[in-house]
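Coordinates from final-v4.txt are shown below (compact mmCIF, C-alpha atoms).
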```txt
# COMPACT_ATOMS: atom_id res chain seq x y z
CA MET A 1 19.36 -18.72 17.55
CA THR A 2 17.98 -17.04 14.43
CA PRO A 3 14.40 -15.83 15.00
CA LEU A 4 11.56 -16.72 12.67
CA ILE A 5 10.50 -13.07 12.33
CA SER A 6 12.28 -9.75 12.60
CA VAL A 7 9.81 -6.96 13.36
CA MET A 8 11.14 -3.63 12.11
CA VAL A 9 10.01 -0.49 13.94
CA VAL A 10 11.23 3.08 13.55
CA VAL A 11 10.39 5.41 16.44
CA MET A 12 11.05 9.09 17.06
CA GLY A 13 9.86 12.05 19.09
CA ALA A 14 7.30 11.59 21.85
CA ALA A 15 6.08 8.27 20.39
CA GLU A 16 3.10 8.50 22.72
CA HIS A 17 1.39 5.44 21.21
CA PHE A 18 4.46 3.25 20.93
CA GLU A 19 3.96 1.36 24.20
CA GLU A 20 0.56 0.16 22.98
CA THR A 21 2.15 -0.89 19.70
CA LEU A 22 4.94 -2.72 21.51
CA VAL A 23 2.50 -4.61 23.71
CA SER A 24 0.54 -5.71 20.63
CA LEU A 25 3.73 -7.23 19.23
CA LEU A 26 4.66 -8.96 22.48
CA GLU A 27 1.18 -10.53 22.64
CA GLN A 28 1.40 -12.26 19.25
CA THR A 29 0.38 -15.92 19.13
CA ILE A 30 3.76 -16.61 17.47
CA GLN A 31 6.51 -15.73 19.93
CA ASP A 32 9.57 -16.61 17.85
CA PHE A 33 10.60 -13.09 16.88
CA GLU A 34 12.95 -10.21 17.49
CA ILE A 35 11.86 -6.57 17.53
CA VAL A 36 14.42 -4.36 15.81
CA VAL A 37 13.81 -0.82 17.02
CA VAL A 38 15.62 2.05 15.33
CA ASP A 39 15.59 5.08 17.65
CA GLY A 40 15.30 8.10 15.39
CA GLY A 41 15.44 10.62 18.21
CA LEU A 42 13.05 9.61 20.97
CA PHE A 43 12.19 12.07 23.71
CA GLU A 44 13.50 10.96 27.09
CA PRO A 45 10.21 9.63 28.60
CA ALA A 46 9.65 7.40 25.55
CA ARG A 47 13.27 6.25 25.61
CA GLN A 48 12.96 5.31 29.27
CA MET A 49 9.76 3.37 28.59
CA LEU A 50 11.48 1.47 25.80
CA ALA A 51 14.47 0.75 28.05
CA ARG A 52 12.16 -0.80 30.66
CA TYR A 53 10.76 -3.24 28.11
CA SER A 54 14.07 -4.06 26.44
CA SER A 55 15.84 -4.68 29.75
CA GLY A 56 13.30 -7.39 30.55
CA ASP A 57 13.04 -8.98 27.11
CA ALA A 58 16.15 -9.77 25.05
CA ARG A 59 14.06 -10.01 21.90
CA ILE A 60 13.70 -6.21 21.91
CA LYS A 61 16.85 -4.77 20.34
CA VAL A 62 17.29 -1.00 20.24
CA PHE A 63 19.69 0.80 17.90
CA PRO A 64 20.34 4.53 17.47
CA GLN A 65 19.67 5.79 13.97
CA GLN A 66 22.93 6.14 12.05
CA GLU A 67 21.92 8.25 9.04
CA PRO A 68 19.21 10.95 8.86
CA GLY A 69 15.87 10.40 7.19
CA ILE A 70 13.04 7.88 7.31
CA ALA A 71 14.39 5.89 4.34
CA ALA A 72 17.77 5.50 6.05
CA ALA A 73 16.07 4.43 9.29
CA ARG A 74 13.95 1.80 7.56
CA THR A 75 16.93 0.53 5.58
CA GLN A 76 18.98 0.32 8.79
CA ALA A 77 16.24 -1.81 10.36
CA MET A 78 16.30 -4.08 7.30
CA ALA A 79 20.08 -4.48 7.58
CA LEU A 80 19.91 -5.29 11.30
CA SER A 81 17.22 -7.95 10.86
CA SER A 82 18.18 -11.61 10.96
CA GLY A 83 14.87 -13.47 10.79
CA LYS A 84 13.60 -15.70 8.02
CA TYR A 85 10.80 -13.16 7.63
CA CYS A 86 10.80 -9.38 8.12
CA ALA A 87 7.63 -7.63 9.27
CA VAL A 88 6.95 -3.89 9.19
CA ASN A 89 5.07 -2.28 12.09
CA ASP A 90 4.85 1.47 12.38
CA ALA A 91 5.16 2.87 15.89
CA ASP A 92 1.53 3.93 16.31
CA ASP A 93 -0.31 0.95 14.76
CA ILE A 94 -1.65 -2.16 16.51
CA SER A 95 -1.02 -5.67 15.21
CA LEU A 96 -3.84 -8.04 16.12
CA PRO A 97 -2.67 -11.06 18.17
CA HIS A 98 -2.93 -13.53 15.28
CA ARG A 99 -1.34 -11.28 12.63
CA PHE A 100 2.01 -13.07 12.40
CA GLU A 101 0.42 -16.50 12.72
CA ARG A 102 -1.91 -15.87 9.78
CA GLN A 103 0.77 -14.34 7.54
CA ILE A 104 3.46 -16.93 8.30
CA GLU A 105 0.95 -19.73 7.76
CA PHE A 106 0.12 -18.25 4.36
CA LEU A 107 3.73 -17.69 3.30
CA GLU A 108 4.82 -21.14 4.42
CA SER A 109 2.11 -22.70 2.26
CA HIS A 110 2.74 -20.36 -0.71
CA PRO A 111 6.50 -20.42 -1.37
CA GLU A 112 6.02 -18.54 -4.65
CA ILE A 113 4.90 -15.42 -2.72
CA SER A 114 7.70 -13.22 -1.39
CA LEU A 115 5.74 -10.38 0.23
CA CYS A 116 2.37 -10.43 1.97
CA GLY A 117 0.15 -7.70 3.39
CA ALA A 118 -3.39 -7.58 4.76
CA TRP A 119 -6.36 -5.27 5.33
CA ILE A 120 -6.40 -2.58 8.00
CA GLN A 121 -9.11 -1.05 10.13
CA THR A 122 -8.71 2.59 11.08
CA PHE A 123 -9.33 3.90 14.58
CA GLY A 124 -8.76 7.10 16.50
CA ALA A 125 -9.76 10.36 14.83
CA GLY A 126 -12.77 10.02 12.55
CA PRO A 127 -15.05 7.04 11.91
CA SER A 128 -13.56 3.55 11.83
CA GLN A 129 -13.20 2.10 8.33
CA ILE A 130 -11.95 -1.16 6.89
CA ARG A 131 -9.53 -0.47 4.05
CA GLN A 132 -9.27 -3.32 1.63
CA THR A 133 -6.19 -4.02 -0.48
CA PRO A 134 -6.15 -6.24 -3.61
CA PRO A 135 -5.62 -9.92 -2.66
CA SER A 136 -3.94 -11.62 -5.62
CA ASP A 137 -0.58 -11.05 -7.25
CA ALA A 138 -2.33 -10.31 -10.54
CA MET A 139 -4.52 -7.58 -9.03
CA ILE A 140 -1.69 -6.12 -6.95
CA ARG A 141 0.57 -5.82 -10.00
CA SER A 142 -2.19 -4.39 -12.14
CA GLN A 143 -3.38 -1.82 -9.60
CA MET A 144 0.10 -0.67 -8.58
CA MET A 145 0.20 1.74 -11.51
CA PHE A 146 -2.71 3.62 -9.92
CA LEU A 147 -2.32 3.13 -6.17
CA CYS A 148 -0.08 1.77 -3.46
CA PRO A 149 -1.43 -1.79 -3.09
CA PHE A 150 -0.23 -2.44 0.49
CA ALA A 151 -0.91 -0.96 3.90
CA HIS A 152 2.68 -0.55 5.07
CA SER A 153 2.15 -1.71 8.66
CA THR A 154 0.75 -5.03 7.44
CA VAL A 155 3.66 -6.05 5.23
CA ILE A 156 5.85 -9.09 5.87
CA TRP A 157 8.45 -10.47 3.44
CA ARG A 158 10.96 -13.28 3.03
CA ARG A 159 14.27 -11.68 3.98
CA VAL A 160 16.33 -13.74 1.54
CA ASP A 161 14.10 -12.69 -1.37
CA ILE A 162 14.56 -8.99 -0.61
CA LEU A 163 18.30 -9.46 -0.17
CA ARG A 164 18.54 -11.06 -3.60
CA THR A 165 16.99 -7.98 -5.22
CA GLY A 166 19.36 -5.55 -3.53
CA GLN A 167 16.46 -3.11 -3.11
CA THR A 168 16.01 -0.85 -0.06
CA TYR A 169 13.99 2.20 0.93
CA LEU A 170 15.17 5.34 -0.88
CA LEU A 171 12.61 8.16 -0.63
CA GLU A 172 11.61 10.40 2.27
CA SER A 173 7.90 10.08 1.47
CA SER A 174 5.98 7.38 -0.41
CA GLU A 175 9.05 5.30 0.42
CA ASP A 176 7.03 2.10 0.65
CA TYR A 177 5.19 2.67 -2.65
CA ASP A 178 8.52 3.34 -4.36
CA LEU A 179 10.01 0.12 -2.96
CA TRP A 180 7.06 -2.03 -4.08
CA ALA A 181 7.28 -0.54 -7.59
CA ARG A 182 10.96 -1.48 -7.83
CA LEU A 183 10.25 -4.97 -6.49
CA LEU A 184 7.40 -5.58 -8.96
CA PRO A 185 9.57 -7.12 -11.73
CA ARG A 186 11.44 -9.25 -9.20
CA MET A 187 8.88 -11.00 -6.96
CA ARG A 188 5.26 -12.01 -6.41
CA PHE A 189 2.85 -10.51 -3.91
CA ALA A 190 -0.35 -11.16 -1.93
CA ASN A 191 -2.66 -9.52 0.58
CA LEU A 192 -4.72 -11.55 3.03
CA PRO A 193 -8.37 -10.43 2.75
CA GLU A 194 -8.81 -9.87 6.47
CA VAL A 195 -8.05 -7.15 9.00
CA LEU A 196 -4.78 -7.90 10.78
CA VAL A 197 -3.71 -4.39 11.82
CA HIS A 198 -5.54 -1.50 13.43
CA TYR A 199 -4.25 1.68 11.81
CA ARG A 200 -4.30 4.71 14.08
CA ILE A 201 -5.51 8.05 12.71
CA HIS A 202 -4.25 11.04 14.70
CA GLU A 203 -3.22 14.61 14.04
CA ASP A 204 0.49 14.04 14.70
CA GLN A 205 0.99 11.12 12.33
CA ARG A 206 3.69 11.55 9.73
CA SER A 207 1.40 11.07 6.73
CA ASN A 208 -0.45 14.26 7.62
CA PHE A 209 2.69 16.27 6.95
CA VAL A 210 3.95 14.62 3.77
CA GLU A 211 1.12 13.10 1.71
CA GLU A 212 -0.37 16.32 0.34
CA THR A 213 2.88 18.17 -0.31
CA ASP A 214 3.96 19.11 -3.82
CA LEU A 215 7.18 17.15 -3.27
CA ASN A 216 5.32 13.95 -2.45
CA TRP A 217 2.93 14.54 -5.38
CA GLY A 218 5.98 14.67 -7.64
CA ARG A 219 7.47 11.52 -6.13
CA GLN A 220 4.24 9.58 -6.62
CA MET A 221 3.99 10.83 -10.20
CA ALA A 222 7.53 9.60 -10.88
CA ILE A 223 6.75 6.18 -9.37
CA ARG A 224 3.63 5.80 -11.49
CA SER A 225 5.44 7.00 -14.61
CA SER A 226 8.11 4.34 -14.11
CA LEU A 227 5.39 1.68 -14.06
CA ILE A 228 3.70 3.13 -17.14
CA GLU A 229 7.03 2.86 -18.96
CA LEU A 230 6.95 -0.91 -18.45
CA LEU A 231 4.18 -0.88 -21.06
CA GLY A 232 6.45 0.85 -23.56
CA VAL A 233 4.56 4.13 -23.06
CA ILE A 234 6.68 7.14 -22.17
CA PRO A 235 4.23 9.66 -20.69
CA THR A 236 4.57 13.32 -21.50
CA ARG A 237 4.50 15.78 -18.61
CA ASP A 238 0.80 16.46 -19.25
CA GLU A 239 0.01 12.73 -19.43
CA ALA A 240 1.90 12.07 -16.19
CA ILE A 241 -0.11 14.82 -14.45
CA LEU A 242 -3.36 13.46 -15.88
CA HIS A 243 -2.48 9.95 -14.70
CA GLN A 244 -1.68 11.31 -11.25
CA ARG A 245 -5.06 13.05 -11.07
CA ILE A 246 -6.84 9.87 -12.17
CA SER A 247 -4.94 7.83 -9.59
CA THR A 248 -5.51 10.15 -6.64
CA GLY A 249 -9.21 10.70 -7.27
CA ARG A 250 -8.97 14.36 -8.24
CA GLU A 251 -11.44 14.01 -11.10
CA ASN A 252 -14.03 16.22 -12.68
CA GLU A 253 -16.05 16.13 -15.85
CA VAL A 254 -14.00 18.81 -17.58
CA TRP A 255 -11.25 16.32 -18.34
CA ALA A 256 -13.16 13.03 -18.18
CA SER A 257 -12.79 12.58 -21.95
CA GLU A 258 -9.03 13.02 -21.64
CA ALA A 259 -9.02 10.45 -18.84
CA GLU A 260 -10.98 7.98 -20.95
CA SER A 261 -8.56 8.33 -23.86
CA TRP A 262 -5.55 7.89 -21.59
CA LEU A 263 -6.96 4.81 -19.87
CA LYS A 264 -7.75 3.27 -23.26
CA LYS A 265 -4.15 3.95 -24.32
CA LEU A 266 -2.83 2.09 -21.27
CA GLN A 267 -5.27 -0.75 -21.78
CA ASN A 268 -4.30 -1.17 -25.44
CA ALA A 269 -0.59 -0.99 -24.65
CA ASN A 270 -0.94 -3.79 -22.12
CA ARG A 271 -2.98 -5.91 -24.52
CA ALA A 272 -0.21 -5.51 -27.09
CA LYS A 273 2.61 -6.48 -24.71
CA ASP A 274 0.92 -8.51 -21.94
CA ILE A 275 3.15 -6.95 -19.29
CA PHE A 276 0.41 -7.17 -16.66
CA PRO A 277 -2.18 -9.99 -16.43
CA ARG A 278 -4.76 -8.88 -18.97
CA GLN A 279 -7.99 -9.55 -17.10
CA ALA A 280 -6.66 -8.04 -13.87
CA PHE A 281 -5.28 -4.99 -15.66
CA ASP A 282 -8.56 -4.43 -17.49
CA ARG A 283 -10.27 -4.58 -14.09
CA ALA A 284 -7.82 -2.05 -12.63
CA VAL A 285 -8.38 0.31 -15.56
CA ALA A 286 -12.16 -0.14 -15.28
CA ASP A 287 -11.95 0.70 -11.57
CA ARG A 288 -10.14 3.94 -12.38
CA TRP A 289 -12.73 4.79 -15.03
CA TRP A 290 -15.38 4.05 -12.41
CA VAL A 291 -13.84 6.65 -10.07
CA VAL A 292 -13.54 9.23 -12.86
CA SER A 293 -17.19 8.72 -13.80
CA LEU A 294 -18.35 8.92 -10.20
CA GLY A 295 -16.56 12.24 -9.90
CA ALA A 296 -18.33 13.81 -12.85
CA LYS A 297 -20.27 16.86 -11.71
CA SER A 298 -23.21 16.50 -14.08
CA LYS A 299 -25.34 13.78 -12.51
CA PRO A 300 -27.05 12.62 -15.74
CA VAL A 301 -23.62 12.10 -17.33
CA ARG A 302 -22.12 9.87 -14.64
CA ALA A 303 -23.76 6.50 -15.25
CA TRP A 304 -23.98 6.89 -19.03
CA ARG A 305 -20.35 7.94 -19.28
CA PHE A 306 -19.28 4.84 -17.34
CA ILE A 307 -21.37 2.13 -19.01
CA SER A 308 -21.01 3.44 -22.58
CA SER A 309 -17.20 3.31 -22.59
CA THR A 310 -15.39 0.45 -24.32
CA ILE A 311 -13.00 0.47 -21.34
CA ILE A 312 -15.38 -1.77 -19.41
CA SER A 313 -16.41 -4.09 -22.25
CA GLY A 314 -14.11 -6.90 -21.12
CA ILE A 315 -15.29 -6.66 -17.52
CA TYR A 316 -19.00 -6.12 -18.19
CA PRO A 317 -19.59 -7.81 -21.60
CA GLY A 318 -22.83 -7.54 -23.55
CA VAL A 319 -26.14 -5.96 -22.59
CA SER A 320 -26.49 -8.01 -19.42
CA GLY A 321 -23.01 -6.94 -18.32
CA ARG A 322 -23.83 -3.27 -18.85
CA ILE A 323 -27.01 -3.68 -16.79
CA VAL A 324 -24.96 -5.19 -13.96
CA ALA A 325 -22.52 -2.27 -14.26
CA LEU A 326 -25.34 0.27 -14.17
CA VAL A 327 -26.89 -1.26 -11.05
CA ARG A 328 -23.49 -1.38 -9.34
CA PHE A 329 -22.82 2.21 -10.35
CA ILE A 330 -26.11 3.48 -8.90
CA LYS A 331 -25.55 1.60 -5.63
CA GLN A 332 -22.03 2.96 -5.30
CA ARG A 333 -23.21 6.48 -6.05
CA LEU A 334 -25.46 6.28 -3.01
CA VAL A 335 -22.46 5.72 -0.75
CA TYR A 336 -19.89 7.72 -2.74
CA GLY A 337 -17.36 9.41 -0.51
CA ILE A 338 -16.65 6.45 1.76
CA LYS A 339 -12.92 5.74 1.69
CA ARG A 340 -11.97 2.42 0.18
CA MET A 341 -8.84 1.25 -1.54
CA LEU A 342 -10.15 -0.13 -4.84
```
I need this file expressed as structure tokens, please.
Amino acid sequence: MTPLISVMVVVMGAAEHFEETLVSLLEQTIQDFEIVVVDGGLFEPARQMLARYSSGDARIKVFPQQEPGIAAARTQAMALSSGKYCAVNDADDISLPHRFERQIEFLESHPEISLCGAWIQTFGAGPSQIRQTPPSDAMIRSQMMFLCPFAHSTVIWRRVDILRTGQTYLLESSEDYDLWARLLPRMRFANLPEVLVHYRIHEDQRSNFVEETDLNWGRQMAIRSSLIELLGVIPTRDEAILHQRISTGRENEVWASEAESWLKKLQNANRAKDIFPRQAFDRAVADRWWVVSLGAKSKPVRAWRFISSTIISGIYPGVSGRIVALVRFIKQRLVYGIKRML
């Protein structure tokens, strides 16, 4: 019988947290699923642990990785899945018991949505934080040019919708962000505004080794440039680098004026073509200008730079709107530095 959900997991190495992840999946309130595990080179103790679980539960299906690389492993898991829905769960993250129930309930009642994520709460190394992702399709589409709008381990999609696009994972880092960018013209998205996954922070996690590399920086810049081009704007090398700095939060007052001009250019291009929902895109641009202004080193400049820009006029109209923006800015400045996905 075809399962309702195919859970796709790629595991490799010691996978010391994988048993806890596996238990979190087996304890879901919805039990109609298969777990498609791609073994990317597990050490023997982890492989034996997995064998114990799979021998006692036919829903756990283990396959050796066929082609090298994380993109190939994730694509293999996609190809082996048979469920109506496909859910991603990385091998060190914990799905809360009602995760699948909440997401399937949402997708069943919103047939226009093809892919759904949720918020995460970090745990492990460092203080616990709730990381919020944009909820609506309009905000997800509009913010994708600046940031990856999904926490990968929370994503679930309609398998038939992905199959129709012919899209798969391709890159060896930022592979999820790249996939969402290519899916953007082809489907609609959502994030549930609640924590459904606990995201583990630890020194051995893969993101620690790839996120800050020059290669990954270049891949993210290419992804963002491809989205900018949807507006009919072909960024120069310097503009692509500037956009990358704006998007990743590496701001300072030396180039804040450049950033303001660039953000206005994007805003005007979208208003001319209406590629992205206008109000949502103006909000996304205002959020980026917010981050640039917060990063300005001269304290007296920060608030004035933010509220005086025409970038925010559609979000904070008139004098009363600017006062609201100023108050919000001052409050945020007091807690600046706390991680939050805008």
request  = Rank A:Val11, A:Ile246, A:Leu22, A:Ile94 by their smallest atom-to-atom distance to Phe43 (chain A), using all atoms listed in the file, and report the top residue only.
outcome  = A:Val11
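Excluding Ser309 (chain A) itself and any same-chain residue fewer than 5 positions from it, the protein and nucleic acid residues within 10 Å of it, counting all atoms listed in the file, are Glu260, Lys264, Ala286, Trp289 and Trp304 of chain A.
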note = Min atom-atom distance to Leu231 (chain A) from the set A:Arg74, A:Arg131, A:Lys265, A:Arg159, counting all atoms listed in the file, belongs to A:Lys265
Hey, could you make a per-residue contact list for region 175-260 of chain A against region 132-146 of chain A with 9 Å as the cut-off, showing the nearest pair of atoms and its distance in Å to one decimal, counting all atoms listed in the file, sorted by chain and number, as CSV?
```
residue,atom,partner,partner_atom,distance
A:Tyr177,CA,A:Met144,CA,8.5
A:Trp180,CA,A:Met144,CA,8.4
A:Ala181,CA,A:Met144,CA,7.2
A:Leu184,CA,A:Arg141,CA,6.9
A:Arg188,CA,A:Asp137,CA,6.0
A:Phe189,CA,A:Asp137,CA,4.8
A:Ala190,CA,A:Ser136,CA,5.2
A:Asn191,CA,A:Pro135,CA,4.4
A:Leu192,CA,A:Pro135,CA,6.0
A:Pro193,CA,A:Pro135,CA,6.1
A:Glu194,CA,A:Gln132,CA,8.2
A:Val195,CA,A:Gln132,CA,8.4
A:Ile223,CA,A:Met145,CA,8.2
A:Arg224,CA,A:Met145,CA,5.3
A:Ser225,CA,A:Met145,CA,8.0
A:Ser226,CA,A:Met145,CA,8.7
A:Leu227,CA,A:Met145,CA,5.8
A:Ile228,CA,A:Met145,CA,6.8
A:His243,CA,A:Phe146,CA,7.9
A:Gln244,CA,A:Phe146,CA,7.9
A:Ile246,CA,A:Phe146,CA,7.8
A:Ser247,CA,A:Phe146,CA,4.8
A:Thr248,CA,A:Phe146,CA,7.8
```
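One distance worth recording is that between CA of Trp255 (chain A) and CA of Leu294 (chain A), which is 13.1 Å.
CA of Glu34 (chain A) is found 7.7 Å from CA of Gly83 (chain A).
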Give me, as a Markdown table, the closest atom pair and its distance (Å, one decimal) for every residue of region 68-161 of chain A within a cut-off of 7 Å of region 197-200 of chain A, counting only C-alpha atoms, rows sorted by chain and rising number.
```
| residue | atom | partner | partner_atom | distance |
| --- | --- | --- | --- | --- |
| A:Asp92 | CA | A:Arg200 | CA | 6.3 |
| A:Asp93 | CA | A:Tyr199 | CA | 5.0 |
| A:Ile94 | CA | A:His198 | CA | 5.0 |
| A:Ser95 | CA | A:Val197 | CA | 4.5 |
| A:Leu96 | CA | A:Val197 | CA | 5.6 |
| A:Ile120 | CA | A:Val197 | CA | 5.0 |
| A:Gln121 | CA | A:His198 | CA | 4.9 |
| A:Thr122 | CA | A:Tyr199 | CA | 4.6 |
| A:Phe123 | CA | A:Arg200 | CA | 5.1 |
| A:Gly124 | CA | A:Arg200 | CA | 5.6 |
| A:Thr154 | CA | A:Val197 | CA | 6.3 |
```
With N, CA and C atoms retained, output region 139-170 of chain A as a PDB file, in the first residue's frame.
```pdb
ATOM      1  N   MET A 139       5.173  36.460   1.045  1.00  0.00           N
ATOM      2  CA  MET A 139       6.377  36.837   1.779  1.00  0.00           C
ATOM      3  C   MET A 139       7.526  35.892   1.472  1.00  0.00           C
ATOM      4  N   ILE A 140       7.238  34.604   1.319  1.00  0.00           N
ATOM      5  CA  ILE A 140       8.293  33.644   0.986  1.00  0.00           C
ATOM      6  C   ILE A 140       8.930  33.995  -0.350  1.00  0.00           C
ATOM      7  N   ARG A 141       8.101  34.261  -1.358  1.00  0.00           N
ATOM      8  CA  ARG A 141       8.607  34.595  -2.687  1.00  0.00           C
ATOM      9  C   ARG A 141       9.425  35.885  -2.653  1.00  0.00           C
ATOM     10  N   SER A 142       8.918  36.852  -1.914  1.00  0.00           N
ATOM     11  CA  SER A 142       9.560  38.162  -1.885  1.00  0.00           C
ATOM     12  C   SER A 142      10.869  38.147  -1.106  1.00  0.00           C
ATOM     13  N   GLN A 143      10.954  37.331  -0.065  1.00  0.00           N
ATOM     14  CA  GLN A 143      12.163  37.299   0.749  1.00  0.00           C
ATOM     15  C   GLN A 143      13.213  36.345   0.204  1.00  0.00           C
ATOM     16  N   MET A 144      12.818  35.471  -0.736  1.00  0.00           N
ATOM     17  CA  MET A 144      13.764  34.471  -1.229  1.00  0.00           C
ATOM     18  C   MET A 144      14.972  35.100  -1.899  1.00  0.00           C
ATOM     19  N   MET A 145      14.832  36.283  -2.457  1.00  0.00           N
ATOM     20  CA  MET A 145      15.948  36.963  -3.091  1.00  0.00           C
ATOM     21  C   MET A 145      17.039  37.318  -2.092  1.00  0.00           C
ATOM     22  N   PHE A 146      16.669  37.394  -0.809  1.00  0.00           N
ATOM     23  CA  PHE A 146      17.606  37.820   0.226  1.00  0.00           C
ATOM     24  C   PHE A 146      18.003  36.699   1.179  1.00  0.00           C
ATOM     25  N   LEU A 147      17.164  35.713   1.344  1.00  0.00           N
ATOM     26  CA  LEU A 147      17.455  34.648   2.303  1.00  0.00           C
ATOM     27  C   LEU A 147      16.742  33.367   1.911  1.00  0.00           C
ATOM     28  N   CYS A 148      17.233  32.259   2.460  1.00  0.00           N
ATOM     29  CA  CYS A 148      16.561  30.978   2.264  1.00  0.00           C
ATOM     30  C   CYS A 148      15.332  30.961   3.167  1.00  0.00           C
ATOM     31  N   PRO A 149      14.115  30.875   2.616  1.00  0.00           N
ATOM     32  CA  PRO A 149      12.906  31.086   3.410  1.00  0.00           C
ATOM     33  C   PRO A 149      12.357  29.844   4.106  1.00  0.00           C
ATOM     34  N   PHE A 150      13.109  28.735   4.089  1.00  0.00           N
ATOM     35  CA  PHE A 150      12.669  27.509   4.747  1.00  0.00           C
ATOM     36  C   PHE A 150      13.790  26.940   5.611  1.00  0.00           C
ATOM     37  N   ALA A 151      13.421  26.369   6.751  1.00  0.00           N
ATOM     38  CA  ALA A 151      14.326  25.515   7.505  1.00  0.00           C
ATOM     39  C   ALA A 151      14.196  24.116   6.905  1.00  0.00           C
ATOM     40  N   HIS A 152      15.279  23.597   6.360  1.00  0.00           N
ATOM     41  CA  HIS A 152      15.211  22.409   5.513  1.00  0.00           C
ATOM     42  C   HIS A 152      14.527  21.232   6.197  1.00  0.00           C
ATOM     43  N   SER A 153      14.835  21.008   7.459  1.00  0.00           N
ATOM     44  CA  SER A 153      14.277  19.848   8.166  1.00  0.00           C
ATOM     45  C   SER A 153      12.789  19.960   8.467  1.00  0.00           C
ATOM     46  N   THR A 154      12.181  21.087   8.113  1.00  0.00           N
ATOM     47  CA  THR A 154      10.738  21.236   8.344  1.00  0.00           C
ATOM     48  C   THR A 154       9.924  21.059   7.068  1.00  0.00           C
ATOM     49  N   VAL A 155      10.579  20.892   5.938  1.00  0.00           N
ATOM     50  CA  VAL A 155       9.879  20.963   4.655  1.00  0.00           C
ATOM     51  C   VAL A 155       9.142  19.666   4.324  1.00  0.00           C
ATOM     52  N   ILE A 156       7.940  19.814   3.796  1.00  0.00           N
ATOM     53  CA  ILE A 156       7.165  18.697   3.271  1.00  0.00           C
ATOM     54  C   ILE A 156       6.491  19.177   1.989  1.00  0.00           C
ATOM     55  N   TRP A 157       6.479  18.322   0.953  1.00  0.00           N
ATOM     56  CA  TRP A 157       5.898  18.745  -0.321  1.00  0.00           C
ATOM     57  C   TRP A 157       5.027  17.655  -0.924  1.00  0.00           C
ATOM     58  N   ARG A 158       4.166  18.069  -1.850  1.00  0.00           N
ATOM     59  CA  ARG A 158       3.356  17.117  -2.619  1.00  0.00           C
ATOM     60  C   ARG A 158       4.272  16.480  -3.674  1.00  0.00           C
ATOM     61  N   ARG A 159       4.421  15.181  -3.613  1.00  0.00           N
ATOM     62  CA  ARG A 159       5.373  14.510  -4.497  1.00  0.00           C
ATOM     63  C   ARG A 159       5.033  14.736  -5.969  1.00  0.00           C
ATOM     64  N   VAL A 160       3.754  14.666  -6.320  1.00  0.00           N
ATOM     65  CA  VAL A 160       3.374  14.812  -7.724  1.00  0.00           C
ATOM     66  C   VAL A 160       3.723  16.198  -8.248  1.00  0.00           C
ATOM     67  N   ASP A 161       3.641  17.220  -7.383  1.00  0.00           N
ATOM     68  CA  ASP A 161       3.949  18.579  -7.817  1.00  0.00           C
ATOM     69  C   ASP A 161       5.436  18.736  -8.124  1.00  0.00           C
ATOM     70  N   ILE A 162       6.279  18.141  -7.298  1.00  0.00           N
ATOM     71  CA  ILE A 162       7.720  18.189  -7.558  1.00  0.00           C
ATOM     72  C   ILE A 162       8.052  17.406  -8.828  1.00  0.00           C
ATOM     73  N   LEU A 163       7.437  16.247  -8.975  1.00  0.00           N
ATOM     74  CA  LEU A 163       7.707  15.430 -10.161  1.00  0.00           C
ATOM     75  C   LEU A 163       7.378  16.185 -11.442  1.00  0.00           C
ATOM     76  N   ARG A 164       6.289  16.939 -11.411  1.00  0.00           N
ATOM     77  CA  ARG A 164       5.886  17.700 -12.606  1.00  0.00           C
ATOM     78  C   ARG A 164       6.932  18.739 -13.001  1.00  0.00           C
ATOM     79  N   THR A 165       7.639  19.286 -12.026  1.00  0.00           N
ATOM     80  CA  THR A 165       8.638  20.313 -12.332  1.00  0.00           C
ATOM     81  C   THR A 165       9.920  19.712 -12.895  1.00  0.00           C
ATOM     82  N   GLY A 166      10.195  18.467 -12.563  1.00  0.00           N
ATOM     83  CA  GLY A 166      11.437  17.836 -12.989  1.00  0.00           C
ATOM     84  C   GLY A 166      12.659  18.327 -12.234  1.00  0.00           C
ATOM     85  N   GLN A 167      12.457  19.074 -11.144  1.00  0.00           N
ATOM     86  CA  GLN A 167      13.574  19.656 -10.399  1.00  0.00           C
ATOM     87  C   GLN A 167      14.065  18.703  -9.302  1.00  0.00           C
ATOM     88  N   THR A 168      15.377  18.695  -9.077  1.00  0.00           N
ATOM     89  CA  THR A 168      15.995  17.900  -8.020  1.00  0.00           C
ATOM     90  C   THR A 168      17.106  18.724  -7.370  1.00  0.00           C
ATOM     91  N   TYR A 169      17.707  18.166  -6.334  1.00  0.00           N
ATOM     92  CA  TYR A 169      18.871  18.805  -5.726  1.00  0.00           C
ATOM     93  C   TYR A 169      20.060  18.720  -6.686  1.00  0.00           C
ATOM     94  N   LEU A 170      20.842  19.817  -6.755  1.00  0.00           N
ATOM     95  CA  LEU A 170      21.972  19.856  -7.683  1.00  0.00           C
ATOM     96  C   LEU A 170      23.303  20.238  -7.031  1.00  0.00           C
TER      97      LEU A 170
END
```
